[in-house]
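Visitor: Pasting coords_22.txt here (compact mmCIF, C-alpha atoms):
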# COMPACT_ATOMS: atom_id res chain seq x y z
CA MET A 1 98.94 107.84 149.32
CA GLU A 2 95.21 108.77 149.39
CA THR A 3 94.54 112.26 150.74
CA ALA A 4 91.39 114.33 151.03
CA ASP A 5 92.79 117.15 148.89
CA ARG A 6 94.01 114.88 146.09
CA LYS A 7 93.00 116.39 142.75
CA THR A 8 90.82 114.61 140.21
CA ILE A 9 91.87 114.11 136.59
CA LEU A 10 89.37 113.00 133.95
CA VAL A 11 90.69 111.16 130.88
CA PHE A 12 88.20 111.34 128.00
CA SER A 13 88.21 109.65 124.60
CA PHE A 14 86.00 107.70 122.23
CA THR A 15 88.26 104.64 122.49
CA ASP A 16 88.43 101.58 124.73
CA HIS A 17 90.66 102.47 127.68
CA ALA A 18 91.42 98.79 128.27
CA SER A 19 92.97 98.22 124.84
CA ASP A 20 94.22 101.65 123.72
CA PRO A 21 97.91 101.69 124.76
CA HIS A 22 98.29 105.48 124.92
CA GLU A 23 95.24 106.15 127.12
CA ASN A 24 95.71 103.06 129.29
CA ARG A 25 99.34 103.94 130.01
CA GLN A 26 98.39 107.54 130.78
CA ILE A 27 95.63 106.51 133.18
CA ARG A 28 97.98 104.13 135.00
CA TYR A 29 100.62 106.71 135.79
CA LEU A 30 98.11 109.45 136.60
CA ASN A 31 96.51 107.04 139.06
CA ASP A 32 99.69 107.10 141.16
CA ALA A 33 99.25 110.77 142.04
CA TYR A 34 95.59 111.71 141.43
CA HIS A 35 92.05 110.46 141.59
CA VAL A 36 91.33 109.40 138.02
CA ILE A 37 88.01 109.20 136.16
CA SER A 38 88.00 107.32 132.86
CA VAL A 39 85.34 108.23 130.29
CA GLY A 40 85.56 106.15 127.14
CA LEU A 41 84.24 103.05 125.41
CA GLY A 42 85.77 100.48 127.75
CA ASP A 43 86.77 100.25 131.41
CA PRO A 44 90.58 100.31 131.78
CA GLY A 45 90.26 97.84 134.64
CA ILE A 46 92.70 99.69 136.87
CA ASP A 47 92.22 99.62 140.65
CA GLY A 48 91.01 102.94 142.01
CA VAL A 49 89.96 104.36 138.61
CA ARG A 50 86.27 105.23 138.21
CA PHE A 51 84.91 104.40 134.78
CA HIS A 52 81.93 105.94 132.99
CA SER A 53 80.83 104.96 129.50
CA ALA A 54 81.03 107.85 127.02
CA PHE A 55 77.60 106.79 125.79
CA ARG A 56 74.45 106.87 127.90
CA THR A 57 72.56 104.46 125.61
CA PRO A 58 73.59 100.78 125.89
CA SER A 59 74.19 100.33 122.14
CA GLY A 60 76.70 103.18 122.06
CA SER A 61 77.53 103.59 118.40
CA ARG A 62 75.29 105.04 115.72
CA ARG A 63 75.51 101.85 113.67
CA GLY A 64 74.64 99.78 116.72
CA ARG A 65 71.51 101.81 117.40
CA LEU A 66 70.35 101.53 113.78
CA ARG A 67 70.88 97.76 113.74
CA LYS A 68 69.05 97.34 117.05
CA ALA A 69 66.08 99.39 115.84
CA PHE A 70 65.90 97.42 112.58
CA ARG A 71 66.22 94.07 114.35
CA GLU A 72 63.43 94.95 116.79
CA LYS A 73 61.28 96.42 113.98
CA ALA A 74 61.08 99.71 115.84
CA TRP A 75 60.15 101.53 112.65
CA LYS A 76 59.30 104.87 114.24
CA GLY A 77 62.62 104.99 116.06
CA LEU A 78 64.45 103.86 112.94
CA LEU A 79 62.85 106.61 110.84
CA MET A 80 63.73 109.18 113.48
CA GLN A 81 67.34 108.04 113.50
CA LEU A 82 67.54 108.10 109.71
CA PHE A 83 66.05 111.59 109.70
CA HIS A 84 68.62 112.64 112.28
CA GLU A 85 71.45 111.24 110.12
CA CYS A 86 70.14 113.00 106.99
CA ARG A 87 69.92 116.29 108.86
CA ASN A 88 73.51 115.89 110.04
CA LEU A 89 74.73 115.21 106.50
CA PHE A 90 72.76 118.25 105.29
CA ASP A 91 74.46 120.41 107.95
CA LEU A 92 77.87 119.04 106.98
CA GLY A 93 77.29 119.76 103.28
CA LEU A 94 76.20 123.34 104.03
CA ARG A 95 79.13 123.77 106.44
CA ARG A 96 76.83 124.45 109.39
CA TYR A 97 79.46 122.92 111.60
CA GLU A 98 78.12 123.91 115.02
CA SER A 99 74.77 122.29 114.26
CA TYR A 100 76.46 119.27 112.68
CA TYR A 101 78.70 118.71 115.69
CA TRP A 102 76.34 119.36 118.60
CA ASN A 103 73.42 117.43 117.05
CA LYS A 104 75.38 114.19 116.93
CA THR A 105 73.82 111.75 119.39
CA TYR A 106 77.11 110.50 120.78
CA ILE A 107 78.32 114.07 121.34
CA GLN A 108 75.14 114.94 123.24
CA GLU A 109 75.46 111.78 125.32
CA ALA A 110 79.12 112.38 126.12
CA LEU A 111 78.31 115.96 127.17
CA GLN A 112 75.65 114.65 129.56
CA VAL A 113 78.11 112.18 131.07
CA LEU A 114 80.88 114.75 131.55
CA SER A 115 78.52 117.41 132.90
CA SER A 116 77.47 115.03 135.69
CA LEU A 117 81.06 114.60 136.95
CA LYS A 118 83.34 116.73 139.10
CA PHE A 119 87.02 117.07 138.24
CA ASP A 120 89.92 119.54 138.43
CA LEU A 121 91.47 118.85 135.02
CA ILE A 122 90.40 116.98 131.92
CA ILE A 123 92.63 115.39 129.27
CA ALA A 124 90.75 115.10 125.97
CA HIS A 125 91.95 112.71 123.26
CA ASP A 126 90.93 113.14 119.59
CA ILE A 127 89.69 116.43 118.16
CA GLU A 128 86.01 115.47 118.42
CA THR A 129 86.26 115.24 122.21
CA LEU A 130 87.74 118.72 122.67
CA PRO A 131 84.58 120.88 122.26
CA VAL A 132 82.69 118.60 124.68
CA ALA A 133 85.55 118.77 127.19
CA LEU A 134 85.71 122.56 127.00
CA ARG A 135 81.96 122.98 127.39
CA ALA A 136 81.77 120.59 130.35
CA SER A 137 84.94 121.82 132.05
CA GLY A 138 83.53 124.73 134.06
CA ARG A 139 86.54 126.08 135.97
CA ALA A 140 88.61 122.95 135.37
CA ARG A 141 91.71 123.04 133.18
CA VAL A 142 91.69 121.29 129.80
CA ILE A 143 94.64 119.53 128.16
CA PHE A 144 94.27 118.30 124.59
CA ASP A 145 96.31 115.21 123.73
CA ALA A 146 96.42 115.34 119.92
CA HIS A 147 97.76 111.98 118.83
CA GLU A 148 97.94 113.06 115.20
CA TYR A 149 97.37 115.94 112.80
CA TYR A 150 93.62 115.68 112.34
CA PRO A 151 93.24 117.69 109.09
CA GLY A 152 95.72 115.24 107.51
CA ASP A 153 94.02 112.07 108.65
CA HIS A 154 92.56 110.60 105.44
CA ALA A 155 93.11 110.72 101.70
CA GLY A 156 89.62 109.96 100.28
CA LEU A 157 87.84 112.53 98.13
CA PHE A 158 84.68 112.59 100.28
CA TRP A 159 86.73 113.07 103.43
CA LYS A 160 88.81 115.84 101.85
CA GLY A 161 85.76 117.62 100.44
CA PHE A 162 83.46 117.41 103.45
CA HIS A 163 85.14 116.22 106.66
CA ARG A 164 88.48 117.96 106.32
CA PRO A 165 86.95 121.47 106.35
CA PHE A 166 84.89 120.44 109.39
CA ILE A 167 87.98 119.13 111.22
CA GLY A 168 89.83 122.33 110.26
CA TYR A 169 86.99 124.35 111.79
CA LEU A 170 87.21 122.40 115.07
CA CYS A 171 90.97 122.92 115.20
CA ARG A 172 90.78 126.66 114.48
CA LYS A 173 88.05 127.33 117.02
CA PHE A 174 88.86 124.99 119.89
CA LEU A 175 92.61 124.29 119.91
CA PRO A 176 93.48 127.84 121.12
CA GLN A 177 91.05 127.38 124.03
CA ALA A 178 92.93 124.42 125.50
CA ASP A 179 95.26 125.11 128.44
CA GLY A 180 97.85 122.76 127.00
CA VAL A 181 98.33 120.73 123.81
CA PHE A 182 100.45 117.62 123.35
CA THR A 183 101.17 115.60 120.24
CA VAL A 184 103.36 112.64 119.28
CA CYS A 185 106.16 114.06 117.12
CA GLU A 186 107.82 117.25 115.94
CA SER A 187 106.43 117.09 112.38
CA ILE A 188 102.87 117.16 113.72
CA ALA A 189 103.71 119.87 116.25
CA GLU A 190 105.12 121.96 113.39
CA ALA A 191 101.95 121.42 111.33
CA TYR A 192 99.80 122.71 114.21
CA ARG A 193 102.10 125.71 114.63
CA LYS A 194 102.03 126.55 110.93
CA GLU A 195 98.32 126.02 110.27
CA PHE A 196 96.69 127.07 113.57
CA ASP A 197 99.38 129.03 115.44
CA VAL A 198 99.18 126.55 118.32
CA ASN A 199 102.26 125.41 120.23
CA SER A 200 102.34 121.85 121.51
CA GLN A 201 104.66 119.67 123.56
CA ILE A 202 105.76 116.20 122.49
CA LEU A 203 104.42 113.03 124.14
CA MET A 204 105.72 110.12 122.07
CA ASN A 205 103.84 106.80 121.92
CA THR A 206 106.47 105.12 124.05
CA PRO A 207 105.67 102.02 126.19
CA ASP A 208 106.77 101.30 129.74
CA TYR A 209 110.40 100.32 130.19
CA HIS A 210 111.07 96.57 130.12
CA SER A 211 114.28 95.05 131.44
CA LEU A 212 114.94 92.42 128.79
CA PRO A 213 118.04 90.68 127.44
CA VAL A 214 119.15 90.85 123.80
CA LYS A 215 118.54 87.48 122.17
CA PRO A 216 121.37 86.37 119.82
CA THR A 217 120.27 85.92 116.22
CA ASP A 218 120.32 82.45 114.69
CA PRO A 219 122.04 82.98 111.31
CA GLU A 220 120.01 80.13 109.78
CA ARG A 221 116.63 81.30 111.12
CA ILE A 222 115.98 85.04 111.20
CA ARG A 223 112.58 85.76 112.72
CA ILE A 224 110.51 88.80 111.69
CA VAL A 225 107.40 90.02 113.48
CA HIS A 226 104.68 92.56 112.71
CA HIS A 227 101.78 93.29 115.02
CA GLY A 228 98.94 95.77 114.87
CA ALA A 229 95.44 96.65 113.74
CA VAL A 230 94.16 95.61 110.32
CA MET A 231 93.26 98.63 108.20
CA GLU A 232 92.91 98.77 104.42
CA ASP A 233 95.19 101.77 103.97
CA ARG A 234 98.01 100.22 106.04
CA LYS A 235 98.59 97.74 103.19
CA ILE A 236 99.66 94.78 105.32
CA GLU A 237 99.75 92.74 102.11
CA THR A 238 102.82 94.79 101.11
CA MET A 239 104.72 93.37 104.08
CA ILE A 240 103.59 89.89 103.04
CA GLU A 241 104.99 90.52 99.55
CA VAL A 242 108.39 91.25 101.09
CA MET A 243 108.70 87.55 101.91
CA GLN A 244 108.69 86.48 98.25
CA TYR A 245 111.97 88.36 97.72
CA LEU A 246 113.74 87.21 100.90
CA ASP A 247 116.11 84.27 101.08
CA LYS A 248 115.29 81.10 103.03
CA ARG A 249 116.82 82.34 106.29
CA PHE A 250 113.79 84.54 106.96
CA GLU A 251 110.37 83.77 108.42
CA MET A 252 107.61 86.10 109.57
CA ASP A 253 104.83 85.99 112.17
CA LEU A 254 101.83 88.33 111.90
CA ILE A 255 99.84 89.24 115.02
CA LEU A 256 96.79 91.10 113.73
CA ILE A 257 93.80 92.57 115.53
CA GLY A 258 90.45 93.82 114.29
CA GLY A 259 89.77 94.49 110.64
CA LYS A 260 86.91 93.71 108.28
CA SER A 261 86.49 90.07 107.35
CA ARG A 262 87.07 90.74 103.64
CA THR A 263 90.34 92.53 104.41
CA LEU A 264 91.52 89.65 106.60
CA LYS A 265 90.55 87.15 103.88
CA LYS A 266 92.59 89.09 101.34
CA ILE A 267 95.61 89.18 103.65
CA ARG A 268 95.43 85.45 104.44
CA LYS A 269 95.00 84.59 100.76
CA LYS A 270 98.08 86.64 99.94
CA ALA A 271 100.09 84.86 102.64
CA ALA A 272 98.94 81.36 101.66
CA ALA A 273 101.66 81.10 99.00
CA HIS A 274 104.38 81.63 101.62
CA PRO A 275 105.00 78.72 104.03
CA ASN A 276 107.38 80.96 106.02
CA ILE A 277 104.49 83.23 107.13
CA ARG A 278 102.38 82.40 110.20
CA PHE A 279 99.35 84.12 111.74
CA LEU A 280 99.31 84.15 115.53
CA GLU A 281 96.50 84.96 117.95
CA PRO A 282 96.51 88.50 119.43
CA VAL A 283 98.67 88.98 122.49
CA PRO A 284 97.43 90.97 125.53
CA MET A 285 98.54 94.59 125.32
CA MET A 286 100.63 94.38 128.49
CA ASP A 287 102.49 91.30 127.18
CA ILE A 288 103.32 92.40 123.63
CA VAL A 289 106.83 93.72 124.36
CA SER A 290 108.02 90.61 126.20
CA PHE A 291 106.38 88.34 123.62
CA CYS A 292 108.10 90.07 120.71
CA SER A 293 111.52 89.82 122.36
CA GLN A 294 111.82 86.26 120.98
CA TYR A 295 112.13 87.71 117.44
CA ASP A 296 115.00 89.42 115.64
CA ILE A 297 113.42 92.08 113.41
CA GLY A 298 110.32 94.26 113.82
CA LEU A 299 108.89 95.08 110.38
CA PHE A 300 106.67 98.05 109.59
CA LEU A 301 106.13 99.35 106.06
CA LEU A 302 103.54 102.14 106.14
CA PRO A 303 102.82 103.69 102.72
CA PRO A 304 102.48 107.50 103.10
CA THR A 305 98.88 107.68 101.85
CA ASN A 306 98.18 110.71 104.05
CA PHE A 307 100.13 113.22 106.13
CA ASN A 308 99.81 111.26 109.38
CA TYR A 309 101.12 108.10 107.79
CA ARG A 310 104.04 109.99 106.27
CA VAL A 311 105.17 111.26 109.70
CA ALA A 312 103.91 108.33 111.81
CA LEU A 313 105.72 107.45 115.02
CA PRO A 314 103.48 104.67 116.35
CA ASN A 315 103.34 102.49 119.45
CA LYS A 316 104.66 99.44 117.63
CA PHE A 317 107.84 101.23 116.57
CA PHE A 318 108.79 101.85 120.20
CA GLU A 319 107.53 98.44 121.28
CA PHE A 320 109.99 96.90 118.81
CA ILE A 321 112.78 98.95 120.40
CA GLN A 322 111.63 97.90 123.86
CA SER A 323 111.63 94.25 122.68
CA ARG A 324 115.33 94.74 121.71
CA LEU A 325 114.71 94.10 118.02
CA ALA A 326 116.33 95.46 114.90
CA LEU A 327 113.80 97.63 113.04
CA ALA A 328 112.90 97.37 109.36
CA ILE A 329 110.99 100.41 108.06
CA GLY A 330 110.34 102.38 104.90
CA PRO A 331 111.47 106.01 104.52
CA SER A 332 108.88 107.30 107.03
CA VAL A 333 110.02 110.75 108.15
CA GLU A 334 109.95 110.48 111.95
CA MET A 335 110.82 106.78 112.29
CA GLU A 336 113.72 107.26 109.89
CA LYS A 337 115.23 109.99 112.10
CA ILE A 338 115.50 107.64 115.09
CA VAL A 339 116.71 104.60 113.13
CA LYS A 340 119.42 106.68 111.44
CA GLN A 341 120.55 108.44 114.60
CA TRP A 342 120.84 105.27 116.69
CA ASP A 343 121.66 102.70 113.97
CA CYS A 344 118.97 100.36 115.29
CA GLY A 345 117.61 99.06 111.99
CA VAL A 346 117.39 99.30 108.22
CA ILE A 347 115.51 101.82 106.08
CA ALA A 348 114.28 100.76 102.65
CA GLU A 349 114.75 103.15 99.73
CA SER A 350 111.01 103.07 99.07
CA PHE A 351 107.83 101.43 100.36
CA GLU A 352 107.96 98.74 97.70
CA PRO A 353 108.40 95.16 98.99
CA ASP A 354 111.47 94.43 96.85
CA ALA A 355 113.21 97.54 98.23
CA MET A 356 112.72 96.30 101.78
CA ALA A 357 113.80 92.76 100.86
CA SER A 358 116.97 94.11 99.28
CA LYS A 359 117.98 95.72 102.59
CA LEU A 360 117.15 92.65 104.66
CA ASN A 361 118.92 90.18 102.37
CA GLN A 362 122.17 92.11 102.88
CA LEU A 363 122.10 91.56 106.65
CA ASP A 364 123.98 88.86 108.51
CA ALA A 365 123.43 87.77 112.12
CA GLU A 366 126.27 89.94 113.42
CA GLN A 367 124.79 93.09 111.87
CA ILE A 368 121.32 92.30 113.22
CA ASP A 369 122.76 91.71 116.70
CA ARG A 370 124.52 95.09 116.56
CA MET A 371 121.22 96.80 115.73
CA LYS A 372 119.44 94.87 118.49
CA MET A 373 122.10 95.97 120.96
CA ASN A 374 121.58 99.58 119.87
CA SER A 375 117.85 99.18 120.55
CA HIS A 376 118.82 97.89 123.99
CA ARG A 377 120.94 101.00 124.61
CA ILE A 378 118.05 103.39 123.86
CA ALA A 379 115.24 101.35 125.45
CA ARG A 380 115.07 103.46 128.60
CA GLN A 381 115.38 106.73 126.66
CA PHE A 382 112.39 105.75 124.51
CA SER A 383 110.20 104.50 127.33
CA SER A 384 107.22 106.18 128.99
CA GLU A 385 109.31 107.68 131.81
CA GLU A 386 110.06 110.92 129.94
CA ASN A 387 106.41 111.24 128.87
CA ARG A 388 105.25 110.74 132.41
CA ASN A 389 107.54 113.47 133.75
CA ARG A 390 106.55 115.90 131.01
CA LEU A 391 102.80 115.39 131.43
CA MET A 392 102.89 115.40 135.24
CA SER A 393 104.90 118.61 135.23
CA ARG A 394 102.35 120.34 132.97
CA ILE A 395 99.41 119.10 135.03
CA SER A 396 101.01 120.28 138.26
CA GLU A 397 101.69 123.68 136.73
CA LEU A 398 98.09 124.08 135.53
CA LEU A 399 96.56 122.95 138.83
CA GLN A 400 98.75 125.41 140.75
CA LYS A 401 97.64 128.24 138.46
CA LYS A 402 94.02 127.29 139.11
CA GLU A 403 94.55 127.78 142.83
Taking this structure as input, can you express it in the form of structure tokens?

Guide:
Amino acid sequence: METADRKTILVFSFTDHASDPHENRQIRYLNDAYHVISVGLGDPGIDGVRFHSAFRTPSGSRRGRLRKAFREKAWKGLLMQLFHECRNLFDLGLRRYESYYWNKTYIQEALQVLSSLKFDLIIAHDIETLPVALRASGRARVIFDAHEYYPGDHAGLFWKGFHRPFIGYLCRKFLPQADGVFTVCESIAEAYRKEFDVNSQILMNTPDYHSLPVKPTDPERIRIVHHGAVMEDRKIETMIEVMQYLDKRFEMDLILIGGKSRTLKKIRKKAAAHPNIRFLEPVPMMDIVSFCSQYDIGLFLLPPTNFNYRVALPNKFFEFIQSRLALAIGPSVEMEKIVKQWDCGVIAESFEPDAMASKLNQLDAEQIDRMKMNSHRIARQFSSEENRNRLMSRISELLQKKE
């Protein structure tokens, strides 16, 4: 119920709040108890939530501004932007991190947006938002929702040599200033404790609870699904290769979003040799769980190319559980714990496609149905209800301290 003394929570990220499951879900359940302001790249489209773009300029991204200037032949503006970029790279190379961070155009714009708003508590997502949130917070409380371990985000040499020290600097300086820190799994929480002496609570990437039946498996037609964003280092082609080792009972649908055109071409070319692989159009975020419930197995092989991939516990893993599917994963640390404990899927010996196929080929319909039923039994436990209670409790505690 709307009241005059209802507190205001600001949710801030550099993502689209309409399509990012974690932020969108968080905004929805905060909206039940607080006034909510969304600051991000896209309006969540939720009644009662005020949205402000994180960028003040219409083009938003750095690349967008450069393209616009080039297209309009605004040479002076283009030269100024290129000079700005060169100065930033110079600051990064010399490890002048304060200058590098605060001179970024999108950081300056986000700071202007946040400084114009009034709120009682801010939840910042992604390490690059945290310094802005702290500077703009005034007397408001700040919670940092760390989805991953940011110093372990990439494996490239340039990133390790230049960006990783910068991210480490942000973590060391700003994480201890937050009033509360959350992250998605125990392995990441332990990494933050060990490296930065920061304690965090766990908010898993769990979707809303869905009341769905368990669909019996057709022993002659076992249906596999994978959905998610297309990224080079996720090696979706490895999951396609699994199909060449599986027997004729199996078929797979891929529901892919985003990605560079050359990456998508490579994936489609790889799949062309397999008539039992289909590509489907993306499904709305709110419908993905119910849509996937028509399948039997949710497949996710994620090669551990960096720390975050090694300990990943992503949305899709819990969406597969919520869809009442059997899970098929590689030996990913955090996913493996849940699959082993609840016997809700199979775990390949390695991330190689033949290792996964070997596990799947051994399954019959009865075994798959048992795993699906086990997913059904834990669906409420691994839904957003526990996250909601944990976050709301921490917010309430911080707002009471403020008073």

Visitor: Name all residues at most 8 Å from A:Leu256 (count only C-alpha atoms; drop same-chain ones fewer than 4 positions away) and give them as a PDB file with C-alpha atoms, keeping the file's coordinate frame.

Guide:
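Generated output (around_28.pdb):
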ATOM      1  CA  HIS A 227     101.780  93.290 115.020  1.00  0.00           C
ATOM      2  CA  GLY A 228      98.940  95.770 114.870  1.00  0.00           C
ATOM      3  CA  ALA A 229      95.440  96.650 113.740  1.00  0.00           C
ATOM      4  CA  VAL A 230      94.160  95.610 110.320  1.00  0.00           C
ATOM      5  CA  PHE A 279      99.350  84.120 111.740  1.00  0.00           C
ATOM      6  CA  LEU A 280      99.310  84.150 115.530  1.00  0.00           C
ATOM      7  CA  GLU A 281      96.500  84.960 117.950  1.00  0.00           C
ATOM      8  CA  PRO A 282      96.510  88.500 119.430  1.00  0.00           C
TER       9      PRO A 282
END

Visitor: Can you list every residue of stretch 300-391 of chain A that has an atom at most 10 Å from stretch 289-292 of chain A, with its nearest atom pair and the distance in Å to one decimal, using all atoms listed in the file, ordered by chain then number, as a Markdown table?

Guide:
| residue | atom | partner | partner_atom | distance |
| --- | --- | --- | --- | --- |
| A:Lys316 | CA | A:Val289 | CA | 9.1 |
| A:Phe318 | CA | A:Val289 | CA | 9.3 |
| A:Glu319 | CA | A:Val289 | CA | 5.7 |
| A:Phe320 | CA | A:Val289 | CA | 7.1 |
| A:Ile321 | CA | A:Val289 | CA | 8.9 |
| A:Gln322 | CA | A:Val289 | CA | 6.4 |
| A:Ser323 | CA | A:Val289 | CA | 5.1 |
| A:Arg324 | CA | A:Cys292 | CA | 8.7 |
| A:Leu325 | CA | A:Cys292 | CA | 8.2 |

Visitor: Between atom CA of A:Asp32 and atom CA of A:Met392, what is the distance, to one decimal in Å?

Guide: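 Computed distance, atom CA of A:Asp32 to atom CA of A:Met392, equals 10.7 Å.
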
Visitor: Counting only C-alpha atoms, figure out which residue out of A:Gln201, A:Ser384, A:Gln108, A:Gln367 gets nearest to A:Asp179.

Guide: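 Once distances to A:Asp179 are computed over only C-alpha atoms, the minimum belongs to A:Gln201.
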
Visitor: If you count all atoms listed in the file, which residues fall within 8 Å of stretch 115-125 of chain A, apart from same-chain ones fewer than 5 positions away, as a list in words?

Guide: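 These residues fall inside the cut-off: Lys7, Thr8, Ile9, Leu10, Val11, Phe12, Ser13, Phe14, Leu130, Ala133, Ala136, Ser137, Arg139, Ala140, Arg141, Val142, Ile143, Phe144, Asp145, Ala146, His147, Ile395 and Leu399 of chain A.
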
Visitor: Between atom CA of A:Val339 and atom CA of A:Pro21, what distance in Å does the model show, to one decimal?

Guide: 22.3 Å

Visitor: Please return, as a list in words, all polymer residues that have at least one atom within 10 Å of the point (110.6, 90.0, 112.8); use only C-alpha atoms and the file's own coordinate frame.

Guide: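 Looking at atoms near the point gives Ile222, Arg223, Ile224, Val225, His226, His227, Phe250, Glu251, Met252, Asp253, Leu254, Cys292, Ser293, Gln294, Tyr295, Asp296, Ile297, Gly298, Leu299, Phe300, Phe320, Leu325, Ala326, Leu327 and Ala328 of chain A.
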
Visitor: With only C-alpha atoms as the basis for distance, which of A:Gly168, A:Gly330, A:Pro314, A:Gly42 is at the shortest distance from A:Pro207?

Guide: A:Pro314

Visitor: Would you list the contacts of A:Asp47 as a PyMOL selection string, taking every protein, DNA or RNA residue within 10 Å and counting all atoms listed in the file, but skipping same-chain residues closer than 3 positions in sequence?

Guide: chain A and resi 28+31+44+50
